[in-house]
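Content type mmCIF, C-alpha atoms and all ligand atoms, from the file start.cif:
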```
data_protein
loop_
_atom_site.group_PDB
_atom_site.id
_atom_site.type_symbol
_atom_site.label_atom_id
_atom_site.label_comp_id
_atom_site.auth_asym_id
_atom_site.auth_seq_id
_atom_site.Cartn_x
_atom_site.Cartn_y
_atom_site.Cartn_z
ATOM 1 C CA MET A 1191 10.047 -32.501 -79.018
ATOM 2 C CA SER A 1192 11.947 -29.537 -80.374
ATOM 3 C CA ILE A 1193 15.658 -30.079 -79.750
ATOM 4 C CA THR A 1194 16.416 -26.944 -81.761
ATOM 5 C CA LEU A 1195 14.226 -24.748 -79.598
ATOM 6 C CA ILE A 1196 15.731 -26.181 -76.408
ATOM 7 C CA ASN A 1197 19.234 -25.550 -77.784
ATOM 8 C CA GLN A 1198 18.311 -21.950 -78.559
ATOM 9 C CA ALA A 1199 16.964 -21.487 -75.031
ATOM 10 C CA ASN A 1200 20.217 -22.931 -73.712
ATOM 11 C CA GLN A 1201 22.202 -20.433 -75.795
ATOM 12 C CA ALA A 1202 20.109 -17.559 -74.438
ATOM 13 C CA LEU A 1203 20.810 -18.747 -70.893
ATOM 14 C CA ASN A 1204 24.420 -17.642 -71.426
ATOM 15 C CA ASN A 1205 23.216 -14.039 -71.792
ATOM 16 C CA ALA A 1206 21.390 -14.013 -68.451
ATOM 17 C CA TYR A 1207 22.193 -10.872 -66.470
ATOM 18 C CA VAL A 1208 22.194 -12.272 -62.943
ATOM 19 C CA PRO A 1209 24.595 -10.357 -60.660
ATOM 20 C CA TYR A 1210 22.276 -10.864 -57.661
ATOM 21 C CA SER A 1211 21.067 -14.476 -57.864
ATOM 22 C CA SER A 1212 23.594 -16.085 -60.236
ATOM 23 C CA PHE A 1213 20.595 -18.183 -61.341
ATOM 24 C CA ARG A 1214 20.559 -18.290 -65.139
ATOM 25 C CA VAL A 1215 17.393 -18.985 -67.082
ATOM 26 C CA GLY A 1216 16.968 -19.195 -70.854
ATOM 27 C CA ALA A 1217 13.827 -19.316 -72.984
ATOM 28 C CA ALA A 1218 12.923 -19.577 -76.651
ATOM 29 C CA VAL A 1219 9.546 -19.256 -78.348
ATOM 30 C CA LYS A 1220 8.600 -20.537 -81.784
ATOM 31 C CA MET A 1221 5.913 -18.613 -83.633
ATOM 32 C CA LYS A 1222 3.401 -19.681 -86.293
ATOM 33 C CA SER A 1223 5.503 -17.662 -88.758
ATOM 34 C CA GLY A 1224 8.448 -19.944 -87.999
ATOM 35 C CA ASN A 1225 10.365 -17.138 -86.310
ATOM 36 C CA ILE A 1226 12.092 -17.866 -83.031
ATOM 37 C CA TYR A 1227 12.659 -15.333 -80.252
ATOM 38 C CA THR A 1228 14.942 -16.017 -77.331
ATOM 39 C CA GLY A 1229 15.105 -14.510 -73.858
ATOM 40 C CA CYS A 1230 17.094 -14.583 -70.645
ATOM 41 C CA ASN A 1231 16.443 -13.276 -67.166
ATOM 42 C CA ILE A 1232 17.551 -9.699 -66.593
ATOM 43 C CA GLU A 1233 17.975 -8.663 -62.978
ATOM 44 C CA ASN A 1234 18.022 -5.215 -61.415
ATOM 45 C CA ALA A 1235 19.398 -3.669 -58.221
ATOM 46 C CA SER A 1236 15.767 -2.870 -57.456
ATOM 47 C CA PHE A 1237 14.990 -6.590 -57.326
ATOM 48 C CA SER A 1238 11.291 -6.471 -58.212
ATOM 49 C CA LEU A 1239 12.145 -4.960 -61.602
ATOM 50 C CA THR A 1240 13.781 -8.215 -62.672
ATOM 51 C CA CYS A 1241 12.372 -9.688 -65.871
ATOM 52 C CA CYS A 1242 12.244 -13.477 -66.162
ATOM 53 C CA ALA A 1243 13.578 -15.265 -69.242
ATOM 54 C CA GLU A 1244 10.116 -16.423 -70.358
ATOM 55 C CA ARG A 1245 8.671 -12.927 -70.275
ATOM 56 C CA THR A 1246 11.705 -11.510 -72.103
ATOM 57 C CA ALA A 1247 11.177 -13.981 -74.971
ATOM 58 C CA ILE A 1248 7.385 -13.564 -75.078
ATOM 59 C CA PHE A 1249 7.582 -9.761 -74.989
ATOM 60 C CA LYS A 1250 10.219 -9.751 -77.730
ATOM 61 C CA ALA A 1251 7.817 -11.699 -79.965
ATOM 62 C CA VAL A 1252 4.792 -9.539 -79.175
ATOM 63 C CA SER A 1253 6.786 -6.334 -79.652
ATOM 64 C CA GLU A 1254 7.637 -7.572 -83.156
ATOM 65 C CA GLY A 1255 3.931 -7.967 -83.905
ATOM 66 C CA GLU A 1256 3.749 -11.731 -83.369
ATOM 67 C CA THR A 1257 1.232 -13.290 -80.990
ATOM 68 C CA GLU A 1258 0.727 -16.822 -82.330
ATOM 69 C CA PHE A 1259 2.863 -19.032 -80.125
ATOM 70 C CA ILE A 1260 3.447 -22.641 -81.209
ATOM 71 C CA GLU A 1261 6.034 -23.703 -78.606
ATOM 72 C CA ILE A 1262 8.156 -22.425 -75.746
ATOM 73 C CA ALA A 1263 11.270 -23.993 -74.236
ATOM 74 C CA ILE A 1264 12.562 -22.913 -70.831
ATOM 75 C CA ILE A 1265 15.832 -24.096 -69.321
ATOM 76 C CA ALA A 1266 17.841 -23.578 -66.120
ATOM 77 C CA ASN A 1267 20.355 -25.364 -63.915
ATOM 78 C CA THR A 1268 17.725 -26.980 -61.716
ATOM 79 C CA ASP A 1269 17.516 -30.553 -60.391
ATOM 80 C CA GLY A 1270 14.327 -31.265 -62.309
ATOM 81 C CA PRO A 1271 12.690 -29.431 -65.188
ATOM 82 C CA VAL A 1272 12.528 -25.698 -64.403
ATOM 83 C CA SER A 1273 9.175 -24.516 -63.036
ATOM 84 C CA PRO A 1274 8.052 -21.079 -64.295
ATOM 85 C CA CYS A 1275 7.030 -18.459 -61.738
ATOM 86 C CA GLY A 1276 3.408 -17.449 -61.333
ATOM 87 C CA ALA A 1277 3.835 -14.110 -63.088
ATOM 88 C CA CYS A 1278 5.230 -15.796 -66.192
ATOM 89 C CA ARG A 1279 2.420 -18.362 -66.146
ATOM 90 C CA GLN A 1280 -0.134 -15.555 -66.196
ATOM 91 C CA VAL A 1281 1.694 -13.881 -69.110
ATOM 92 C CA MET A 1282 1.707 -17.219 -70.972
ATOM 93 C CA ALA A 1283 -2.042 -17.539 -70.295
ATOM 94 C CA GLU A 1284 -2.570 -14.233 -72.098
ATOM 95 C CA PHE A 1285 -1.162 -15.551 -75.369
ATOM 96 C CA PHE A 1286 -0.984 -19.346 -75.301
ATOM 97 C CA THR A 1287 -3.739 -21.727 -76.387
ATOM 98 C CA GLU A 1288 -4.201 -25.403 -75.552
ATOM 99 C CA LYS A 1289 -2.196 -26.090 -78.717
ATOM 100 C CA THR A 1290 0.885 -24.216 -77.490
ATOM 101 C CA THR A 1291 3.439 -26.770 -76.302
ATOM 102 C CA ILE A 1292 5.489 -25.884 -73.221
ATOM 103 C CA TYR A 1293 8.852 -27.632 -72.805
ATOM 104 C CA LEU A 1294 10.189 -27.321 -69.265
ATOM 105 C CA THR A 1295 13.718 -28.628 -69.163
ATOM 106 C CA ASN A 1296 17.079 -28.329 -67.440
ATOM 107 C CA ILE A 1297 20.734 -28.376 -68.446
ATOM 108 C CA HIS A 1298 20.958 -32.043 -67.403
ATOM 109 C CA GLY A 1299 18.441 -33.120 -70.042
ATOM 110 C CA LYS A 1300 15.323 -33.575 -67.892
ATOM 111 C CA LEU A 1301 12.168 -32.654 -69.802
ATOM 112 C CA HIS A 1302 8.527 -32.112 -68.881
ATOM 113 C CA THR A 1303 6.120 -31.311 -71.706
ATOM 114 C CA THR A 1304 2.911 -29.526 -70.803
ATOM 115 C CA THR A 1305 0.395 -26.817 -71.754
ATOM 116 C CA ILE A 1306 -0.949 -23.677 -70.137
ATOM 117 C CA GLU A 1307 -3.852 -25.676 -68.671
ATOM 118 C CA GLY A 1308 -1.278 -28.003 -67.160
ATOM 119 C CA ILE A 1309 0.644 -25.268 -65.348
ATOM 120 C CA LEU A 1310 -2.061 -22.661 -64.694
ATOM 121 C CA PRO A 1311 -5.540 -24.180 -64.687
ATOM 122 C CA PHE A 1312 -8.559 -21.940 -64.081
ATOM 123 C CA HIS A 1313 -6.475 -18.868 -64.908
ATOM 124 C CA PHE A 1314 -7.706 -15.302 -64.915
ATOM 125 C CA LYS A 1315 -8.943 -13.964 -68.249
ATOM 126 C CA LEU A 1316 -11.022 -10.947 -69.204
HETATM 127 N N1 LIG A 1401 13.447 -16.539 -63.079
HETATM 128 C C1 LIG A 1401 13.153 -16.695 -64.401
HETATM 129 O O1 LIG A 1401 13.855 -16.163 -65.263
HETATM 130 N N2 LIG A 1401 12.068 -17.434 -64.731
HETATM 131 C C2 LIG A 1401 11.249 -18.046 -63.823
HETATM 132 O O2 LIG A 1401 10.220 -18.574 -64.185
HETATM 133 C C3 LIG A 1401 11.640 -18.098 -62.413
HETATM 134 C C4 LIG A 1401 12.635 -17.084 -61.999
HETATM 135 C C5 LIG A 1401 14.627 -15.742 -62.701
HETATM 136 C C6 LIG A 1401 14.318 -14.428 -62.066
HETATM 137 C C7 LIG A 1401 15.581 -14.163 -61.274
HETATM 138 O O3 LIG A 1401 16.520 -13.536 -62.122
HETATM 139 C C8 LIG A 1401 16.090 -15.536 -60.925
HETATM 140 O O4 LIG A 1401 15.418 -16.446 -61.775
HETATM 141 C C9 LIG A 1401 15.885 -15.935 -59.486
HETATM 142 O O5 LIG A 1401 14.573 -15.750 -59.094
#
```

Mind turning the file's structure into C-alpha cells?
Amino acid sequence: MSITLINQANQALNNAYVPYSSFRVGAAVKMKSGNIYTGCNIENASFSLTCCAERTAIFKAVSEGETEFIEIAIIANTDGPVSPCGACRQVMAEFFTEKTTIYLTNIHGKLHTTTIEGILPFHFKL
C-alpha cells in the first residue's frame, strides 16, 4: 500500500474547485518513471464540463508523455472508499493494465485495493 501516494491525493483534494457540489475529490498517479501526478475535480457552471479528479491526474500524466501507470490513489469524504464514476473507469481502462493497482480510499482511512478488471470488467476496447 502506498501511503505516500494516498497522502499526495489527499493534498490535491484541497485544490478541488467545487463551488456547485462542495464534494472534494483528490487523485494521484504513480508512473513507471517514478513521477507522480496529482489531480482534483474541477467543476463548471455548465455542469457536464466538470472534470473528475481521476481524469485530471491521468490526463496530466499523458499530456507529459507518460502512459505507464503503476498505481492510482483516489480519495474523498465518503463513508466508505470512494467509488469512481463510469467515465473515469473507462478512461482508466484505456491506460491501465492488470498490474496497475487502484487504491480507493477516504479521508477516514478506509481502503479498498483493486484493479481495472475489478471495477470495470468486460470493458470496451478497440
Ligand atoms: N467526482 C470525481 O471527481 N470523481 C469521481 O469519480 C466521481 C465524481 C466529482 C465530480 C463532481 O465535481 C463531484 O465529484 C460531484 O459529482

Shortest interatomic distance to ligand LIG 1401 (chain A) - which of A:Thr1240, A:Asn1267, A:Asn1204, A:Thr1304, counting all atoms listed in the file: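 Among the listed residues, the smallest separation from ligand LIG 1401 (chain A) belongs to A:Thr1240.
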
Hey, can you check how far CA of Ala1235 in chain A sits from CA of Ala1277 in chain A?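 About the pair CA of Ala1235 in chain A and CA of Ala1277 in chain A: they are 19.4 Å apart.
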
Can you list, as a PDB file with C-alpha atoms, keeping the file's coordinate frame, every protein, DNA or RNA residue that comes within 8 Å of Tyr1207 in chain A when you count all atoms listed in the file, leaving out same-chain residues fewer than 6 positions away?
```pdb
ATOM      1  CA  ARG A1214      20.559 -18.290 -65.139  1.00  0.00           C
ATOM      2  CA  CYS A1230      17.094 -14.583 -70.645  1.00  0.00           C
ATOM      3  CA  ASN A1231      16.443 -13.276 -67.166  1.00  0.00           C
ATOM      4  CA  ILE A1232      17.551  -9.699 -66.593  1.00  0.00           C
ATOM      5  CA  GLU A1233      17.975  -8.663 -62.978  1.00  0.00           C
TER       6      GLU A1233
END
```

I'd like to know which of A:Glu1254, A:Asp1269, A:Glu1244, A:Glu1288 is closest to Leu1310 in chain A, using all atoms listed in the file.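 For Leu1310 in chain A, the nearest of the candidates is A:Glu1288.
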
Quick check, in Å to one decimal: how far apart do CA of Val1219 in chain A and CA of Pro1311 in chain A lie?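 CA of Val1219 in chain A sits 20.9 Å away from CA of Pro1311 in chain A.
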
Shortest interatomic distance to Ser1211 in chain A - which of A:Asn1225, A:Ile1193, A:Phe1237, A:Leu1301, counting all atoms listed in the file: A:Phe1237

Do you know which residues are within 9 Å of ligand LIG 1401 (chain A) using all atoms listed in the file? Can you write them as a PDB file with C-alpha atoms, keeping the file's coordinate frame?
```
ATOM      1  CA  ALA A1206      21.390 -14.013 -68.451  1.00  0.00           C
ATOM      2  CA  TYR A1207      22.193 -10.872 -66.470  1.00  0.00           C
ATOM      3  CA  VAL A1208      22.194 -12.272 -62.943  1.00  0.00           C
ATOM      4  CA  PRO A1209      24.595 -10.357 -60.660  1.00  0.00           C
ATOM      5  CA  TYR A1210      22.276 -10.864 -57.661  1.00  0.00           C
ATOM      6  CA  SER A1211      21.067 -14.476 -57.864  1.00  0.00           C
ATOM      7  CA  SER A1212      23.594 -16.085 -60.236  1.00  0.00           C
ATOM      8  CA  PHE A1213      20.595 -18.183 -61.341  1.00  0.00           C
ATOM      9  CA  ARG A1214      20.559 -18.290 -65.139  1.00  0.00           C
ATOM     10  CA  VAL A1215      17.393 -18.985 -67.082  1.00  0.00           C
ATOM     11  CA  GLY A1216      16.968 -19.195 -70.854  1.00  0.00           C
ATOM     12  CA  ALA A1217      13.827 -19.316 -72.984  1.00  0.00           C
ATOM     13  CA  GLY A1229      15.105 -14.510 -73.858  1.00  0.00           C
ATOM     14  CA  CYS A1230      17.094 -14.583 -70.645  1.00  0.00           C
ATOM     15  CA  ASN A1231      16.443 -13.276 -67.166  1.00  0.00           C
ATOM     16  CA  ILE A1232      17.551  -9.699 -66.593  1.00  0.00           C
ATOM     17  CA  GLU A1233      17.975  -8.663 -62.978  1.00  0.00           C
ATOM     18  CA  ASN A1234      18.022  -5.215 -61.415  1.00  0.00           C
ATOM     19  CA  PHE A1237      14.990  -6.590 -57.326  1.00  0.00           C
ATOM     20  CA  THR A1240      13.781  -8.215 -62.672  1.00  0.00           C
ATOM     21  CA  CYS A1241      12.372  -9.688 -65.871  1.00  0.00           C
ATOM     22  CA  CYS A1242      12.244 -13.477 -66.162  1.00  0.00           C
ATOM     23  CA  ALA A1243      13.578 -15.265 -69.242  1.00  0.00           C
ATOM     24  CA  GLU A1244      10.116 -16.423 -70.358  1.00  0.00           C
ATOM     25  CA  ARG A1245       8.671 -12.927 -70.275  1.00  0.00           C
ATOM     26  CA  THR A1246      11.705 -11.510 -72.103  1.00  0.00           C
ATOM     27  CA  ILE A1264      12.562 -22.913 -70.831  1.00  0.00           C
ATOM     28  CA  ILE A1265      15.832 -24.096 -69.321  1.00  0.00           C
ATOM     29  CA  ALA A1266      17.841 -23.578 -66.120  1.00  0.00           C
ATOM     30  CA  VAL A1272      12.528 -25.698 -64.403  1.00  0.00           C
ATOM     31  CA  SER A1273       9.175 -24.516 -63.036  1.00  0.00           C
ATOM     32  CA  PRO A1274       8.052 -21.079 -64.295  1.00  0.00           C
ATOM     33  CA  CYS A1275       7.030 -18.459 -61.738  1.00  0.00           C
ATOM     34  CA  GLY A1276       3.408 -17.449 -61.333  1.00  0.00           C
ATOM     35  CA  ALA A1277       3.835 -14.110 -63.088  1.00  0.00           C
ATOM     36  CA  CYS A1278       5.230 -15.796 -66.192  1.00  0.00           C
ATOM     37  CA  ARG A1279       2.420 -18.362 -66.146  1.00  0.00           C
TER      38      ARG A1279
END
```

Within 12 Å of (1.1, -27.0, -70.3) (coordinates as in the file), grab all the protein and nucleic acid residues, counting all atoms listed in the file, and write them out as JSON, numbers by chain. {"A": [1260, 1261, 1262, 1263, 1273, 1274, 1279, 1282, 1283, 1286, 1287, 1288, 1289, 1290, 1291, 1292, 1293, 1294, 1302, 1303, 1304, 1305, 1306, 1307, 1308, 1309, 1310, 1311]}

Could you work out how far CA of Gly1255 in chain A lies from CA of Glu1284 in chain A, giving the answer in Å with one decimal? 14.9 Å

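Restricting the calculation to all atoms listed in the file, the smallest distance between Phe1312 in chain A and any of A:Thr1194, A:Ser1236, A:Gln1280, A:Thr1268 is found for A:Gln1280.
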
Shortest interatomic distance to Ala1199 in chain A - which of A:Ser1223, A:Thr1295, A:Ser1238, A:Ser1253, counting all atoms listed in the file: A:Thr1295

Is it possible to get the axis-aligned box enclosing range 1231-1243 of chain A (all listed atoms, 5 Å extra per side) as lines of an AutoDock Vina configuration file, with centre and edge lengths in Å rounded to one decimal?
```
center_x = 15.3
center_y = -9.1
center_z = -63.3
size_x = 18.1
size_y = 22.4
size_z = 21.9
```

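Compared by their closest atoms to Thr1257 in chain A, and using only C-alpha atoms, the residues A:His1298, A:Lys1222, A:Asn1205, A:His1313 rank with A:Lys1222 nearest.
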